[in-house]
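Structure data follow from structure17.json (JSON, C-alpha atoms):
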[["chain", "number", "residue", "atom", "x", "y", "z"],
["E", 688, "MET", "CA", -21.11, 38.35, -9.47],
["E", 689, "LYS", "CA", -17.34, 38.22, -9.44],
["E", 690, "PHE", "CA", -14.79, 35.56, -10.30],
["E", 691, "GLY", "CA", -11.74, 34.27, -8.46],
["E", 692, "VAL", "CA", -9.17, 32.48, -10.61],
["E", 693, "VAL", "CA", -6.84, 30.19, -8.66],
["E", 694, "VAL", "CA", -3.19, 30.17, -9.72],
["E", 695, "PHE", "CA", -1.26, 26.97, -8.97],
["E", 696, "PRO", "CA", 2.41, 26.46, -9.78],
["E", 697, "GLY", "CA", 2.17, 25.18, -13.34],
["E", 698, "SER", "CA", -1.19, 26.75, -14.20],
["E", 699, "ASN", "CA", -0.89, 28.18, -17.70],
["E", 700, "CYS", "CA", -4.45, 29.16, -18.65],
["E", 701, "ASP", "CA", -4.99, 31.41, -15.64],
["E", 702, "ARG", "CA", -4.22, 34.62, -17.55],
["E", 703, "ASP", "CA", -6.33, 33.51, -20.52],
["E", 704, "MET", "CA", -9.22, 32.92, -18.15],
["E", 705, "GLN", "CA", -8.69, 36.31, -16.50],
["E", 706, "ASP", "CA", -8.52, 38.04, -19.89],
["E", 707, "ALA", "CA", -11.64, 36.30, -21.20],
["E", 708, "LEU", "CA", -13.71, 37.06, -18.10],
["E", 709, "GLN", "CA", -12.46, 40.60, -17.61],
["E", 710, "ASN", "CA", -12.02, 41.94, -21.12],
["E", 711, "ASP", "CA", -14.46, 39.88, -23.20],
["E", 712, "LEU", "CA", -17.19, 39.27, -20.63],
["E", 713, "ASN", "CA", -16.75, 42.42, -18.49],
["E", 714, "LYS", "CA", -16.58, 40.60, -15.18],
["E", 715, "GLU", "CA", -14.66, 41.47, -12.05],
["E", 716, "VAL", "CA", -11.80, 39.00, -11.58],
["E", 717, "VAL", "CA", -9.56, 38.43, -8.57],
["E", 718, "MET", "CA", -6.50, 36.22, -8.96],
["E", 719, "LEU", "CA", -6.04, 33.79, -6.05],
["E", 720, "TRP", "CA", -2.68, 32.29, -5.09],
["E", 721, "HIS", "CA", -2.72, 28.58, -4.23],
["E", 722, "LYS", "CA", -0.86, 29.16, -0.95],
["E", 723, "ASP", "CA", -3.46, 31.62, 0.33],
["E", 724, "LYS", "CA", -6.77, 30.43, 1.64],
["E", 725, "ASP", "CA", -8.88, 33.50, 2.23],
["E", 726, "LEU", "CA", -12.14, 33.37, 0.26],
["E", 727, "SER", "CA", -14.05, 35.63, 2.66],
["E", 728, "ALA", "CA", -14.59, 38.19, -0.13],
["E", 729, "PHE", "CA", -16.62, 35.64, -2.10],
["E", 730, "ASN", "CA", -20.27, 34.72, -1.56],
["E", 731, "ALA", "CA", -22.44, 31.99, -3.03],
["E", 732, "GLU", "CA", -23.27, 34.15, -6.06],
["E", 733, "ASP", "CA", -19.60, 34.34, -7.00],
["E", 734, "CYS", "CA", -17.59, 31.78, -8.92],
["E", 735, "ILE", "CA", -14.17, 30.30, -8.26],
["E", 736, "VAL", "CA", -12.40, 29.09, -11.39],
["E", 737, "LEU", "CA", -9.70, 26.42, -11.48],
["E", 738, "PRO", "CA", -7.87, 27.08, -14.74],
["E", 739, "GLY", "CA", -6.09, 24.76, -17.13],
["E", 740, "GLY", "CA", -2.42, 23.94, -17.08],
["E", 741, "PHE", "CA", -0.15, 21.46, -15.38],
["E", 742, "SER", "CA", -0.49, 22.14, -11.68],
["E", 743, "TYR", "CA", 2.51, 20.79, -9.78],
["E", 744, "GLY", "CA", 3.86, 19.47, -13.08],
["E", 745, "ASP", "CA", 1.06, 16.87, -13.23],
["E", 746, "TYR", "CA", 3.24, 14.87, -10.84],
["E", 747, "LEU", "CA", 1.74, 11.65, -9.43],
["E", 748, "ARG", "CA", -1.60, 12.19, -11.24],
["E", 749, "CYS", "CA", -3.08, 15.30, -12.85],
["E", 750, "GLY", "CA", -4.58, 17.41, -10.08],
["E", 751, "ALA", "CA", -3.61, 15.02, -7.26],
["E", 752, "ILE", "CA", -1.22, 17.41, -5.53],
["E", 753, "ALA", "CA", -3.15, 20.63, -6.22],
["E", 754, "ARG", "CA", -6.06, 19.04, -4.39],
["E", 755, "PHE", "CA", -4.14, 19.36, -1.12],
["E", 756, "SER", "CA", -3.02, 22.99, -1.56],
["E", 757, "PRO", "CA", -4.26, 25.47, 1.08],
["E", 758, "MET", "CA", -6.52, 27.33, -1.38],
["E", 759, "MET", "CA", -8.24, 24.09, -2.43],
["E", 760, "GLN", "CA", -9.31, 23.44, 1.17],
["E", 761, "SER", "CA", -11.15, 26.78, 1.05],
["E", 762, "VAL", "CA", -12.53, 26.06, -2.43],
["E", 763, "ILE", "CA", -13.91, 22.70, -1.21],
["E", 764, "GLU", "CA", -15.54, 24.46, 1.74],
["E", 765, "PHE", "CA", -16.89, 27.18, -0.59],
["E", 766, "ALA", "CA", -18.36, 24.58, -2.96],
["E", 767, "ASN", "CA", -19.92, 22.60, -0.11],
["E", 768, "LYS", "CA", -21.67, 25.81, 1.03],
["E", 769, "GLY", "CA", -23.19, 26.16, -2.44],
["E", 770, "GLY", "CA", -20.65, 28.51, -4.04],
["E", 771, "LYS", "CA", -20.11, 28.11, -7.77],
["E", 772, "VAL", "CA", -16.92, 26.46, -8.93],
["E", 773, "LEU", "CA", -15.82, 25.94, -12.53],
["E", 774, "GLY", "CA", -12.85, 23.76, -13.43],
["E", 775, "VAL", "CA", -11.51, 23.75, -16.98],
["E", 776, "CYS", "CA", -9.09, 21.08, -18.21],
["E", 777, "ASN", "CA", -6.57, 20.69, -15.37],
["E", 778, "GLY", "CA", -9.20, 22.41, -13.21],
["E", 779, "PHE", "CA", -11.64, 19.59, -14.05],
["E", 780, "GLN", "CA", -8.97, 17.05, -13.10],
["E", 781, "ILE", "CA", -8.43, 18.85, -9.78],
["E", 782, "LEU", "CA", -12.20, 18.83, -9.09],
["E", 783, "CYS", "CA", -12.33, 15.06, -9.65],
["E", 784, "GLU", "CA", -9.29, 14.49, -7.43],
["E", 785, "SER", "CA", -10.96, 16.70, -4.79],
["E", 786, "HIS", "CA", -14.14, 14.60, -4.95],
["E", 787, "LEU", "CA", -16.12, 17.75, -5.75],
["E", 788, "LEU", "CA", -16.98, 15.94, -8.97],
["E", 789, "PRO", "CA", -17.19, 12.17, -9.42],
["E", 790, "GLY", "CA", -15.16, 10.09, -11.85],
["E", 791, "ALA", "CA", -11.64, 10.55, -13.17],
["E", 792, "LEU", "CA", -9.81, 11.77, -16.26],
["E", 793, "LEU", "CA", -7.55, 9.09, -17.74],
["E", 794, "ALA", "CA", -4.89, 9.21, -20.45],
["E", 795, "ASN", "CA", -6.44, 9.77, -23.87],
["E", 796, "SER", "CA", -7.24, 6.45, -25.53],
["E", 797, "ASN", "CA", -4.84, 7.22, -28.40],
["E", 798, "GLN", "CA", -1.99, 7.94, -25.92],
["E", 799, "LYS", "CA", -1.44, 11.40, -27.44],
["E", 800, "PHE", "CA", -1.68, 14.96, -26.23],
["E", 801, "ILE", "CA", -4.52, 16.38, -28.34],
["E", 802, "CYS", "CA", -4.69, 20.08, -29.20],
["E", 803, "GLN", "CA", -7.51, 20.84, -31.62],
["E", 804, "ASN", "CA", -10.97, 22.30, -32.02],
["E", 805, "THR", "CA", -13.75, 19.95, -30.99],
["E", 806, "TYR", "CA", -17.51, 20.18, -31.21],
["E", 807, "ILE", "CA", -19.56, 19.87, -28.05],
["E", 808, "ALA", "CA", -23.29, 20.01, -27.48],
["E", 809, "ASN", "CA", -26.12, 19.13, -25.16],
["E", 810, "PRO", "CA", -29.86, 18.95, -25.80],
["E", 811, "SER", "CA", -30.39, 22.63, -24.95],
["E", 812, "THR", "CA", -27.49, 24.30, -26.77],
["E", 813, "ALA", "CA", -26.44, 24.60, -30.37],
["E", 814, "THR", "CA", -23.32, 22.69, -31.38],
["E", 815, "LEU", "CA", -20.35, 24.69, -30.11],
["E", 816, "LYS", "CA", -16.82, 24.71, -31.45],
["E", 817, "ILE", "CA", -14.46, 24.75, -28.45],
["E", 818, "PRO", "CA", -10.76, 23.87, -28.39],
["E", 819, "ILE", "CA", -9.28, 21.11, -26.28],
["E", 820, "ALA", "CA", -5.63, 20.69, -25.26],
["E", 821, "HIS", "CA", -4.94, 17.75, -23.01],
["E", 822, "GLY", "CA", -3.24, 14.39, -22.63],
["E", 823, "GLU", "CA", -5.49, 13.09, -19.87],
["E", 824, "GLY", "CA", -9.09, 13.85, -20.71],
["E", 825, "ARG", "CA", -10.76, 10.48, -21.09],
["E", 826, "PHE", "CA", -13.66, 10.72, -18.67],
["E", 827, "TYR", "CA", -14.14, 7.49, -16.75],
["E", 828, "GLY", "CA", -16.43, 6.24, -14.03],
["E", 829, "ASP", "CA", -17.86, 2.81, -13.25],
["E", 830, "SER", "CA", -21.12, 1.88, -14.96],
["E", 831, "LYS", "CA", -23.13, 2.81, -11.88],
["E", 832, "LEU", "CA", -21.70, 6.33, -11.88],
["E", 833, "ILE", "CA", -22.25, 6.83, -15.60],
["E", 834, "GLU", "CA", -25.85, 5.68, -15.22],
["E", 835, "GLU", "CA", -26.31, 8.09, -12.32],
["E", 836, "LEU", "CA", -24.84, 11.03, -14.26],
["E", 837, "GLU", "CA", -27.16, 10.24, -17.17],
["E", 838, "SER", "CA", -30.32, 9.87, -15.11],
["E", 839, "ASN", "CA", -29.62, 12.96, -12.96],
["E", 840, "GLY", "CA", -28.92, 15.10, -16.01],
["E", 841, "GLN", "CA", -25.42, 15.88, -14.74],
["E", 842, "ILE", "CA", -23.76, 15.75, -18.14],
["E", 843, "LEU", "CA", -23.06, 19.31, -19.26],
["E", 844, "PHE", "CA", -21.59, 18.63, -22.68],
["E", 845, "ARG", "CA", -20.76, 15.71, -24.94],
["E", 846, "TYR", "CA", -18.25, 15.61, -27.77],
["E", 847, "THR", "CA", -20.05, 15.51, -31.08],
["E", 848, "ASP", "CA", -19.36, 15.73, -34.78],
["E", 849, "GLU", "CA", -19.71, 19.06, -36.58],
["E", 850, "LYS", "CA", -23.46, 18.57, -36.87],
["E", 851, "GLY", "CA", -23.95, 17.86, -33.19],
["E", 852, "ASN", "CA", -24.33, 14.08, -33.45],
["E", 853, "VAL", "CA", -22.82, 12.11, -30.60],
["E", 854, "THR", "CA", -20.58, 9.77, -32.57],
["E", 855, "GLU", "CA", -17.42, 7.79, -31.98],
["E", 856, "ASN", "CA", -15.59, 9.93, -34.55],
["E", 857, "GLY", "CA", -16.56, 13.08, -32.68],
["E", 858, "ASN", "CA", -15.04, 11.71, -29.48],
["E", 859, "PRO", "CA", -11.39, 12.82, -29.41],
["E", 860, "ASN", "CA", -10.16, 11.07, -26.29],
["E", 861, "GLY", "CA", -12.28, 7.98, -25.65],
["E", 862, "SER", "CA", -14.43, 9.52, -22.89],
["E", 863, "LEU", "CA", -17.29, 7.26, -21.79],
["E", 864, "ASN", "CA", -20.58, 8.32, -23.40],
["E", 865, "ASN", "CA", -18.62, 11.14, -25.14],
["E", 866, "ILE", "CA", -18.64, 13.08, -21.86],
["E", 867, "ALA", "CA", -16.82, 16.43, -22.17],
["E", 868, "GLY", "CA", -18.11, 18.06, -19.00],
["E", 869, "ILE", "CA", -20.23, 17.30, -15.94],
["E", 870, "LYS", "CA", -21.73, 19.06, -12.95],
["E", 871, "ASN", "CA", -22.28, 17.86, -9.39],
["E", 872, "LYS", "CA", -25.69, 16.82, -8.06],
["E", 873, "ASN", "CA", -26.31, 20.22, -6.50],
["E", 874, "GLY", "CA", -25.56, 21.95, -9.78],
["E", 875, "ASN", "CA", -22.99, 24.39, -8.40],
["E", 876, "VAL", "CA", -19.73, 22.67, -9.41],
["E", 877, "PHE", "CA", -18.88, 22.39, -13.11],
["E", 878, "GLY", "CA", -15.98, 20.63, -14.80],
["E", 879, "MET", "CA", -15.12, 20.41, -18.47],
["E", 880, "MET", "CA", -12.07, 19.49, -20.55],
["E", 881, "PRO", "CA", -12.70, 21.93, -23.47],
["E", 882, "HIS", "CA", -11.46, 25.51, -23.01],
["E", 883, "PRO", "CA", -14.30, 28.06, -23.34],
["E", 884, "GLU", "CA", -11.92, 30.87, -22.31],
["E", 885, "ARG", "CA", -10.00, 30.33, -25.55],
["E", 886, "ALA", "CA", -13.08, 31.14, -27.60],
["E", 887, "THR", "CA", -14.57, 34.37, -26.26],
["E", 888, "SER", "CA", -13.03, 36.97, -28.55],
["E", 889, "PHE", "CA", -13.95, 38.06, -32.09],
["E", 890, "ILE", "CA", -10.31, 38.79, -32.75],
["E", 891, "LEU", "CA", -9.52, 35.10, -32.17],
["E", 892, "GLY", "CA", -12.22, 34.07, -34.63],
["E", 893, "ASN", "CA", -14.46, 32.12, -32.27],
["E", 894, "THR", "CA", -16.89, 33.29, -29.62],
["E", 895, "ASP", "CA", -18.65, 29.99, -28.92],
["E", 896, "GLY", "CA", -17.01, 29.98, -25.49],
["E", 897, "VAL", "CA", -19.28, 32.85, -24.45],
["E", 898, "LYS", "CA", -22.24, 30.51, -24.97],
["E", 899, "VAL", "CA", -20.64, 28.01, -22.59],
["E", 900, "PHE", "CA", -20.40, 30.63, -19.84],
["E", 901, "GLU", "CA", -23.98, 31.68, -20.61],
["E", 902, "TYR", "CA", -25.23, 28.10, -20.50],
["E", 903, "LEU", "CA", -23.59, 27.64, -17.09],
["E", 904, "GLN", "CA", -25.28, 30.90, -16.05],
["E", 905, "LEU", "CA", -21.97, 32.37, -15.04],
["E", 906, "VAL", "CA", -22.31, 35.51, -17.14],
["Y", 50, "MET", "CA", 12.51, 1.94, 13.69],
["Y", 51, "PRO", "CA", 12.95, 2.66, 9.97],
["Y", 52, "TYR", "CA", 11.01, 0.57, 7.50],
["Y", 53, "THR", "CA", 11.14, 0.63, 3.75],
["Y", 54, "VAL", "CA", 7.70, 0.33, 2.25],
["Y", 55, "GLN", "CA", 7.19, -0.63, -1.38],
["Y", 56, "ILE", "CA", 3.92, 0.40, -2.96],
["Y", 57, "LYS", "CA", 2.71, -0.85, -6.31],
["Y", 58, "VAL", "CA", 0.05, 1.32, -7.98],
["Y", 59, "MET", "CA", -1.64, -0.16, -11.06],
["Y", 60, "PRO", "CA", -4.50, 0.90, -13.33],
["Y", 61, "LEU", "CA", -7.67, -1.07, -12.52],
["Y", 62, "THR", "CA", -7.76, -4.27, -14.56],
["Y", 63, "GLU", "CA", -10.97, -3.33, -16.37],
["Y", 64, "LEU", "CA", -9.46, -0.06, -17.63],
["Y", 65, "LEU", "CA", -7.80, 0.46, -20.98],
["Y", 66, "ASP", "CA", -4.13, 1.24, -20.36],
["Y", 67, "PRO", "CA", -3.01, 3.09, -23.50],
["Y", 68, "GLN", "CA", 0.58, 3.29, -22.29],
["Y", 69, "GLY", "CA", 0.77, -0.47, -21.86],
["Y", 70, "LYS", "CA", -0.90, -0.93, -25.22],
["Y", 71, "ALA", "CA", 1.68, 1.27, -26.96],
["Y", 72, "VAL", "CA", 4.55, -0.63, -25.31],
["Y", 73, "MET", "CA", 2.90, -3.94, -26.28],
["Y", 74, "GLY", "CA", 2.99, -2.74, -29.90],
["Y", 75, "ALA", "CA", 6.70, -1.93, -29.60],
["Y", 76, "ILE", "CA", 7.42, -5.36, -28.12],
["Y", 77, "GLU", "CA", 5.68, -6.98, -31.08],
["Y", 78, "ASN", "CA", 7.70, -4.77, -33.45],
["Y", 79, "LEU", "CA", 10.86, -6.02, -31.76],
["Y", 80, "GLY", "CA", 9.86, -9.55, -32.66],
["Y", 81, "ILE", "CA", 9.65, -10.71, -29.05],
["Y", 82, "THR", "CA", 6.94, -13.35, -28.91],
["Y", 83, "GLY", "CA", 4.96, -14.89, -26.12],
["Y", 84, "ILE", "CA", 3.99, -11.67, -24.34],
["Y", 85, "GLY", "CA", 0.21, -11.36, -24.34],
["Y", 86, "ASP", "CA", -0.36, -8.08, -22.54],
["Y", 87, "VAL", "CA", 1.48, -5.16, -20.96],
["Y", 88, "ARG", "CA", 0.11, -2.92, -18.23],
["Y", 89, "ILE", "CA", 2.06, -0.05, -16.74],
["Y", 90, "GLY", "CA", 1.73, 1.43, -13.29],
["Y", 91, "LYS", "CA", 3.90, 3.12, -10.68],
["Y", 92, "HIS", "CA", 6.24, 1.89, -8.03],
["Y", 93, "ILE", "CA", 6.60, 4.12, -4.97],
["Y", 94, "THR", "CA", 9.11, 3.61, -2.15],
["Y", 95, "LEU", "CA", 8.52, 5.17, 1.26],
["Y", 96, "GLN", "CA", 10.93, 5.42, 4.17],
["Y", 97, "VAL", "CA", 8.73, 5.14, 7.24],
["Y", 98, "ASN", "CA", 9.67, 5.57, 10.90],
["Y", 99, "ALA", "CA", 7.35, 3.46, 13.00],
["Y", 100, "ASP", "CA", 7.41, 1.28, 16.10],
["Y", 101, "THR", "CA", 6.26, -1.89, 14.40],
["Y", 102, "GLU", "CA", 5.87, -3.30, 10.92],
["Y", 103, "ALA", "CA", 2.10, -3.11, 11.34],
["Y", 104, "ASP", "CA", 2.31, 0.59, 12.17],
["Y", 105, "ALA", "CA", 4.51, 1.23, 9.15],
["Y", 106, "LYS", "CA", 1.97, -0.53, 6.97],
["Y", 107, "LYS", "CA", -0.86, 1.49, 8.48],
["Y", 108, "VAL", "CA", 0.86, 4.79, 7.70],
["Y", 109, "ALA", "CA", 1.63, 3.66, 4.16],
["Y", 110, "GLU", "CA", -1.95, 2.54, 3.68],
["Y", 111, "GLU", "CA", -3.22, 5.94, 4.72],
["Y", 112, "ALA", "CA", -0.85, 7.70, 2.30],
["Y", 113, "ALA", "CA", -1.72, 5.30, -0.50],
["Y", 114, "SER", "CA", -5.46, 5.60, -0.11],
["Y", 115, "LYS", "CA", -5.45, 9.38, 0.41],
["Y", 116, "ILE", "CA", -3.02, 10.53, -2.25],
["Y", 117, "LEU", "CA", -0.71, 7.95, -3.84],
["Y", 118, "ALA", "CA", -3.49, 6.07, -5.62],
["Y", 119, "ASN", "CA", -6.90, 7.14, -6.90],
["Y", 120, "PRO", "CA", -9.36, 4.30, -6.29],
["Y", 121, "VAL", "CA", -11.52, 5.43, -9.21],
["Y", 122, "MET", "CA", -8.78, 4.36, -11.60],
["Y", 123, "GLU", "CA", -6.09, 2.51, -9.64],
["Y", 124, "TYR", "CA", -5.48, -0.16, -7.04],
["Y", 125, "PHE", "CA", -2.42, -0.51, -4.83],
["Y", 126, "GLU", "CA", -0.47, -3.21, -3.03],
["Y", 127, "ILE", "CA", 1.83, -2.57, -0.08],
["Y", 128, "GLU", "CA", 4.86, -4.50, 1.04],
["Y", 129, "VAL", "CA", 6.88, -3.60, 4.15],
["Y", 130, "GLU", "CA", 10.58, -4.43, 4.36],
["Y", 131, "ALA", "CA", 12.19, -4.47, 7.78]]

For this file, write the structure as structure tokens.
Amino acid sequence: MKFGVVVFPGSNCDRDMQDALQNDLNKEVVMLWHKDKDLSAFNAEDCIVLPGGFSYGDYLRCGAIARFSPMMQSVIEFANKGGKVLGVCNGFQILCESHLLPGALLANSNQKFICQNTYIANPSTATLKIPIAHGEGRFYGDSKLIEELESNGQILFRYTDEKGNVTENGNPNGSLNNIAGIKNKNGNVFGMMPHPERATSFILGNTDGVKVFEYLQLV
Amino acid sequence: MPYTVQIKVMPLTELLDPQGKAVMGAIENLGITGIGDVRIGKHITLQVNADTEADAKKVAEEAASKILANPVMEYFEIEVEA
């Protein structure tokens, strides 16, 4: 299984993602330029990653312009054929704008850019400490969508307190139901605001990000 | 024929608008009274070449619904100026 990391103008976590996958997780990584559109070297076992950053300067809405780049047309096709796609932070925003994932990421409820460690968990993982760094990460969908995500088990992670309790205090940005990450119905497209690639190295003092990649069965 | 199209894009009314809320706080700090709520959106102007006003509106509607606004979080209103 190999990874393709898409580089948009304004991506700034693309090299972190490459370093984490290649050097910490020993995976083959190919960098993909947003203006290209050839994904013929990738099959359904492979994973395309949309990294964090500020694609196209976050102009109009986060991810709104990246969604129409040539590479994204191929990524959408790849995902619809069952290929795995992971979007982190701005990548999650791009996936929502592309309709590969439902919902939207709105401005944080406190109107601030938040850069800090957060705790995330789900019923089958331990509580993980993963950093976030975003201004627009408040997951929103109408009540019907939220109900659907809950009943289909599409919620990958929720923000929690240090002990793994889903509380208001553990929710940094006002996301509905403390949602930090979701997957699509088919289970091949994943989006999350926290940055697992920033927590995969002993030298950085946190390797909880490895458990995120493991949970998503990407490594 | 050239038309100028004005598009208003606003956060859906049921959504919290933190930007508007912050500005509301500043207005209160200024001592301006009587303002109950502030909501902030975008105003987009398009120059459209079309045969008729209806055609210009149609083009603008397509642009608005495909990229200028995200219906999950925003609604838009279009006004065509001759």

Write out as a Markdown table the residues of chain Y that have any atom within 8 Å of an atom of chain E, one row each with the nearest atom pair and its distance in Å to one decimal, counting only C-alpha atoms, sorted by chain and then rising number.
| residue | atom | partner | partner_atom | distance |
| --- | --- | --- | --- | --- |
| Y:Leu65 | CA | E:Ser796 | CA | 7.5 |
| Y:Asp66 | CA | E:Ser796 | CA | 8.0 |
| Y:Pro67 | CA | E:Gln798 | CA | 5.5 |
| Y:Gln68 | CA | E:Gln798 | CA | 6.4 |
| Y:Ala71 | CA | E:Gln798 | CA | 7.7 |
| Y:Ile116 | CA | E:Ala751 | CA | 6.8 |
| Y:Leu117 | CA | E:Leu747 | CA | 7.1 |
| Y:Asn119 | CA | E:Glu784 | CA | 7.7 |
| Y:Val121 | CA | E:Ala791 | CA | 6.5 |
| Y:Met122 | CA | E:Ala791 | CA | 7.0 |

One-decimal distance in Å that lies between CA of Phe844 (chain E) and CA of Gly868 (chain E):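 Computed distance, CA of Gly868 (chain E) to CA of Phe844 (chain E), equals 5.1 Å.
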
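Take the candidates Y:Leu95, Y:Phe125, Y:Gly69, Y:Pro120 and check each one against Val108 (chain Y) using all atoms listed in the file; the shortest distance goes to Y:Leu95.
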
For a quick check of understanding, using only C-alpha atoms, which of E:Phe826, E:Gly691, E:Gln760, E:Ala867 has the smallest distance to Leu64 (chain Y)?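 Residue with the minimum atom-to-atom distance to Leu64 (chain Y): E:Phe826.
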
Coordinates-based distance that separates CA of Asn873 (chain E) from CA of Ala728 (chain E) (Å, one decimal): 22.4 Å
